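Input: a single structure, listed below in structure tokens.
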Amino acid sequence: MADLTRIARIATDEVDLAGVLASVDDPGHGAVASFVGQVRDHDPEAGGRVVALRYTCHPDAPRLVVEIVERVLRDLDPQGEASVHAVHRVGDLEVGDLALVVAVGTAHRDLAFTICRALVEAVKHELPVWKQQFEADGTHAWSGLSC
């Protein structure tokens, strides 16, 4: 098996989905599980239609996302079989833009699914990233401030 990919990052530019998926491609992987989180036009916390988001993060977020990925892999992939690329975008995003992308390549699907889900949940709950939602009527509100 080739050297495994282990990428965890915060991005300020558009996320290249094909590039993320390609980064975990390996001839030894029979499975690639992925999660693509994109900006939607509604949210339970919004009073109206969402037209844009602004994600901001704590200055330690780039280090913390690496630590989150390392911890999940240590817990779920002690044999070191998985290739992983996890990226959370910050800055101004429009409806349809990619906000969080996680791709996991492994030899078998169960491990790929398990790691992918665990990474998404850990990033969403632990990474200090905050979301400001802009609505069609010009109002805005913050969410995700509990981190």
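Please note that chains go A, B, ... in the order of the structure tokens, that every chain numbers its residues from 1, and that ligands are numbered from 1 in the order shown.
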
Q. Contacts of region 108-115 of chain A at 9 Å or less, counting only C-alpha atoms, minus same-chain residues fewer than 5 places along, as a list in words?
A. His29, Gly30, Ala31, Val32, Ala33, Ser34, Val72, Leu73, Leu76, Asp77, Ala82, Val84, Ala103 and Val120 of chain A

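Ranking A:Leu53, A:Leu100, A:Leu119, A:Val129 by their shortest atom-to-atom distance to Val66 (chain A), with only C-alpha atoms included, puts A:Leu119 first.
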
Q.
Here is a test: counting only C-alpha atoms, which residue of A:Ser23, A:His88, A:Asp137, A:Ala99 is nearest to Pro62 (chain A)?
A. A:His88

Q.
When you count only C-alpha atoms, which of these residues is closest to Ala122 (chain A): A:Val51, A:Ile68, A:Thr56, A:Leu21?
A. A:Ile68

(Q) Quick check for you: according to DSSP on this backbone, which residues of chain A are classed as alpha helix (DSSP H)? Reply as an MDAnalysis selection string. (A) chainID A and resid 17:23 61:76 109:126

Q | Residues within 6 Å of Ser83 (chain A), only C-alpha atoms, excluding chain neighbours under 6 positions, as a list in words | A |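 Residues meeting the cut-off are Leu4, Thr5, Arg6, Val24, Val104 and Gly105 of chain A.
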
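With only C-alpha atoms as the basis for measurement, A:His85 is the residue among A:Arg117, A:Lys131, A:His85, A:Lys124 that approaches Leu17 (chain A) most closely.
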